[in-house]
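Trainee: One structure, pasted below without further comment.
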Amino acid sequence: MPLDHGDCFLVGEQLLRLDSAPFNEPGPDANHTYSYTSPRPDARFRVVQLLAGGGEGRIVSAQGTTLTLGREANHMNFPQDRFISGRHARLDSASDSHHIILTDTGSRNGTFVRIKGAVELFHGDYIFIGQQLLRVEIS
């Protein structure tokens, strides 16, 4: 599924947002003072954890053009989330566009993307509304 900057998606119980905005160019602040900072990651995008009640949690930058998500041995791990598979999902920079591609890597509970606007649903599709998982049944 191609994602754009600011798109939100759900893995396990984690609501995440794609941040693909470029970093600001380094330079002095408003008082023309240079500050020592950490080195910039060589990454095309970041993932931001959105916390219950508002606010942001962890922010993890891709390793080059890829970021993996899951319970263990990934770039972004959620070991306490019982709804996340060991290797749940992956984000990759698309080589021919500004999109980032979200791939479910065989998780047991699926990966969900917040939709914008009207989307056609088909028999067997799953959707989350609030905390309810629904399956589309067309007879």
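Labels used: A, B, ... for chains in the order of the structure tokens, numbers from 1 for residues in each chain, and numbers from 1 for ligands as shown.
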Which polymer residues have any atom within 6 Å of an atom of region 2-13 of chain A, counting only C-alpha atoms, with same-chain residues fewer than 6 positions away left out, as number ranges by chain?
Mentor: A: 19-20, 83-84, 99-101, 111-114
Trainee: Can I get the selected residues back with N, CA, C and O atoms, as a compact mmCIF listing (two decimals), in the first residue's frame?
Mentor:
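Output (out_27.txt):
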# COMPACT_ATOMS: atom_id res chain seq x y z
N ASP A 19 6.26 10.17 8.58
CA ASP A 19 6.82 11.52 8.44
C ASP A 19 7.92 11.45 7.39
O ASP A 19 8.99 10.92 7.64
N SER A 20 7.61 11.95 6.21
CA SER A 20 8.60 11.93 5.13
C SER A 20 9.03 13.33 4.74
O SER A 20 9.60 13.53 3.67
N PHE A 83 -0.43 -7.99 20.13
CA PHE A 83 -1.09 -8.08 18.83
C PHE A 83 -0.14 -7.87 17.66
O PHE A 83 -0.55 -7.87 16.51
N ILE A 84 1.14 -7.67 17.95
CA ILE A 84 2.14 -7.48 16.90
C ILE A 84 2.93 -8.77 16.72
O ILE A 84 3.36 -9.38 17.70
N HIS A 99 6.27 8.21 -2.84
CA HIS A 99 5.55 7.35 -1.91
C HIS A 99 6.49 6.46 -1.09
O HIS A 99 7.59 6.15 -1.51
N ILE A 100 5.97 6.04 0.04
CA ILE A 100 6.60 5.02 0.86
C ILE A 100 5.64 3.82 0.81
O ILE A 100 4.43 3.98 0.97
N ILE A 101 6.16 2.64 0.57
CA ILE A 101 5.33 1.45 0.42
C ILE A 101 5.26 0.69 1.75
O ILE A 101 6.29 0.31 2.31
N THR A 111 -2.38 -5.41 9.08
CA THR A 111 -1.89 -4.04 9.13
C THR A 111 -2.96 -3.18 8.48
O THR A 111 -3.45 -3.52 7.41
N PHE A 112 -3.32 -2.08 9.12
CA PHE A 112 -4.44 -1.26 8.65
C PHE A 112 -3.98 0.16 8.38
O PHE A 112 -3.19 0.73 9.12
N VAL A 113 -4.51 0.75 7.31
CA VAL A 113 -4.18 2.12 6.91
C VAL A 113 -5.41 2.99 7.09
O VAL A 113 -6.52 2.59 6.70
N ARG A 114 -5.25 4.18 7.69
CA ARG A 114 -6.36 5.12 7.82
C ARG A 114 -6.70 5.62 6.42
O ARG A 114 -5.83 6.15 5.72
Trainee: Once DSSP has gone over the backbone, tell me which residues of region 18-116 of chain A are in strand (DSSP E or B), as JSON, numbers by chain.
Mentor: {"A": [18, 19, 43, 46, 47, 48, 49, 50, 56, 57, 58, 59, 60, 61, 63, 64, 66, 67, 68, 69, 70, 76, 77, 89, 90, 91, 92, 93, 100, 101, 102, 103, 104, 111, 112, 113]}
Trainee: Can you write out the residues you just picked, keeping N, CA and C atoms, as a tab-separated table (two decimals), in the first residue's frame?
Mentor:
chain	number	residue	atom	x	y	z
A	18	LEU	N	3.43	8.30	9.26
A	18	LEU	CA	4.59	8.43	8.39
A	18	LEU	C	5.00	9.90	8.32
A	19	ASP	N	6.26	10.17	8.58
A	19	ASP	CA	6.82	11.52	8.44
A	19	ASP	C	7.92	11.45	7.39
A	43	ALA	N	18.25	8.98	6.14
A	43	ALA	CA	16.96	8.30	5.98
A	43	ALA	C	16.01	9.17	5.19
A	46	ARG	N	10.62	8.85	8.50
A	46	ARG	CA	10.57	8.47	9.89
A	46	ARG	C	9.17	7.96	10.21
A	47	VAL	N	9.05	7.20	11.30
A	47	VAL	CA	7.75	6.76	11.79
A	47	VAL	C	7.57	7.32	13.19
A	48	VAL	N	6.40	7.92	13.42
A	48	VAL	CA	6.08	8.56	14.70
A	48	VAL	C	4.97	7.76	15.38
A	49	GLN	N	5.18	7.37	16.63
A	49	GLN	CA	4.17	6.68	17.42
A	49	GLN	C	3.22	7.72	17.98
A	50	LEU	N	1.92	7.54	17.78
A	50	LEU	CA	0.90	8.45	18.29
A	50	LEU	C	0.29	7.84	19.55
A	56	GLU	N	3.04	12.58	20.98
A	56	GLU	CA	3.87	11.66	20.22
A	56	GLU	C	4.76	10.86	21.16
A	57	GLY	N	4.98	9.61	20.78
A	57	GLY	CA	5.88	8.74	21.53
A	57	GLY	C	7.21	8.64	20.82
A	58	ARG	N	7.62	7.43	20.54
A	58	ARG	CA	8.91	7.21	19.88
A	58	ARG	C	8.87	7.66	18.43
A	59	ILE	N	10.01	8.09	17.95
A	59	ILE	CA	10.21	8.44	16.55
A	59	ILE	C	11.43	7.68	16.08
A	60	VAL	N	11.27	6.90	15.01
A	60	VAL	CA	12.37	6.08	14.52
A	60	VAL	C	12.58	6.40	13.05
A	61	SER	N	13.84	6.67	12.68
A	61	SER	CA	14.19	6.94	11.29
A	61	SER	C	14.50	5.63	10.57
A	63	GLN	N	16.35	3.00	8.15
A	63	GLN	CA	17.75	2.69	7.90
A	63	GLN	C	17.94	2.80	6.40
A	64	GLY	N	18.32	3.97	5.93
A	64	GLY	CA	18.42	4.21	4.49
A	64	GLY	C	17.04	4.33	3.89
A	66	THR	N	14.59	1.72	4.21
A	66	THR	CA	13.73	0.68	4.77
A	66	THR	C	13.58	0.84	6.28
A	67	LEU	N	12.40	0.48	6.78
A	67	LEU	CA	12.16	0.42	8.22
A	67	LEU	C	11.25	-0.77	8.48
A	68	THR	N	11.65	-1.65	9.39
A	68	THR	CA	10.84	-2.80	9.74
A	68	THR	C	10.20	-2.58	11.10
A	69	LEU	N	9.00	-3.17	11.28
A	69	LEU	CA	8.23	-3.02	12.52
A	69	LEU	C	7.81	-4.38	13.02
A	70	GLY	N	7.84	-4.56	14.33
A	70	GLY	CA	7.40	-5.83	14.90
A	70	GLY	C	7.68	-5.90	16.38
A	76	MET	N	11.99	-0.84	14.56
A	76	MET	CA	11.06	-0.29	15.55
A	76	MET	C	10.33	-1.47	16.19
A	77	ASN	N	10.62	-1.72	17.48
A	77	ASN	CA	10.10	-2.88	18.18
A	77	ASN	C	9.08	-2.48	19.25
A	89	ALA	N	5.54	-5.77	9.81
A	89	ALA	CA	5.38	-4.96	8.60
A	89	ALA	C	6.69	-4.30	8.23
A	90	ARG	N	6.72	-3.77	6.99
A	90	ARG	CA	7.94	-3.11	6.49
A	90	ARG	C	7.52	-1.90	5.67
A	91	LEU	N	8.32	-0.85	5.77
A	91	LEU	CA	8.15	0.35	4.96
A	91	LEU	C	9.38	0.50	4.07
A	92	ASP	N	9.15	0.76	2.78
A	92	ASP	CA	10.24	0.93	1.83
A	92	ASP	C	9.99	2.16	0.98
A	93	SER	N	11.06	2.90	0.70
A	93	SER	CA	10.95	4.03	-0.24
A	93	SER	C	10.71	3.50	-1.63
A	100	ILE	N	5.97	6.04	0.04
A	100	ILE	CA	6.60	5.02	0.86
A	100	ILE	C	5.64	3.82	0.81
A	101	ILE	N	6.16	2.64	0.57
A	101	ILE	CA	5.33	1.45	0.42
A	101	ILE	C	5.26	0.69	1.75
A	102	LEU	N	4.03	0.49	2.25
A	102	LEU	CA	3.78	-0.28	3.47
A	102	LEU	C	3.41	-1.70	3.07
A	103	THR	N	4.14	-2.69	3.61
A	103	THR	CA	3.89	-4.10	3.31
A	103	THR	C	3.69	-4.86	4.61
A	104	ASP	N	2.59	-5.60	4.70
A	104	ASP	CA	2.39	-6.52	5.81
A	104	ASP	C	3.24	-7.76	5.49
A	111	THR	N	-2.38	-5.41	9.08
A	111	THR	CA	-1.89	-4.04	9.13
A	111	THR	C	-2.96	-3.18	8.48
A	112	PHE	N	-3.32	-2.08	9.12
A	112	PHE	CA	-4.44	-1.26	8.65
A	112	PHE	C	-3.98	0.16	8.38
A	113	VAL	N	-4.51	0.75	7.31
A	113	VAL	CA	-4.18	2.12	6.91
A	113	VAL	C	-5.41	2.99	7.09
Trainee: How many Å lie between CA of Tyr126 (chain A) and CA of Gln14 (chain A), rounded to one decimal?
Mentor: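 For CA of Tyr126 (chain A) relative to CA of Gln14 (chain A), the distance reads 17.4 Å.
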Trainee: Tell me which of A:His32, A:Arg71, A:Arg135, A:His98 sits closest to Arg44 (chain A), counting only C-alpha atoms.
Mentor: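 Going through A:His32, A:Arg71, A:Arg135, A:His98 one by one, the smallest distance to Arg44 (chain A) is for A:His98.
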Trainee: From the set A:Leu133, A:Ala30, A:Ala62, A:Ile115, which residue has the shortest atom-to-atom contact distance to Asn74 (chain A), counting only C-alpha atoms?
Mentor: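 For Asn74 (chain A), the nearest of the given residues is A:Ala62.
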Trainee: Mind giving me the straight-line distance from CA of His75 (chain A) to CA of Ser38 (chain A) in Å, one decimal?
Mentor: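 Answer for the CA of His75 (chain A) to CA of Ser38 (chain A) separation: 18.9 Å.
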Trainee: Using Å and a single decimal, report how far CA of Thr65 (chain A) sits from CA of Ser95 (chain A).
Mentor: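 According to the coordinates, CA of Ser95 (chain A) and CA of Thr65 (chain A) are separated by 9.3 Å.
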Trainee: I'd like to know which of A:Ala21, A:His88, A:Glu137, A:Ala52 is closest to Asp125 (chain A), using only C-alpha atoms.
Mentor: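 Nearest candidate to Asp125 (chain A) out of A:Ala21, A:His88, A:Glu137, A:Ala52: A:Glu137.
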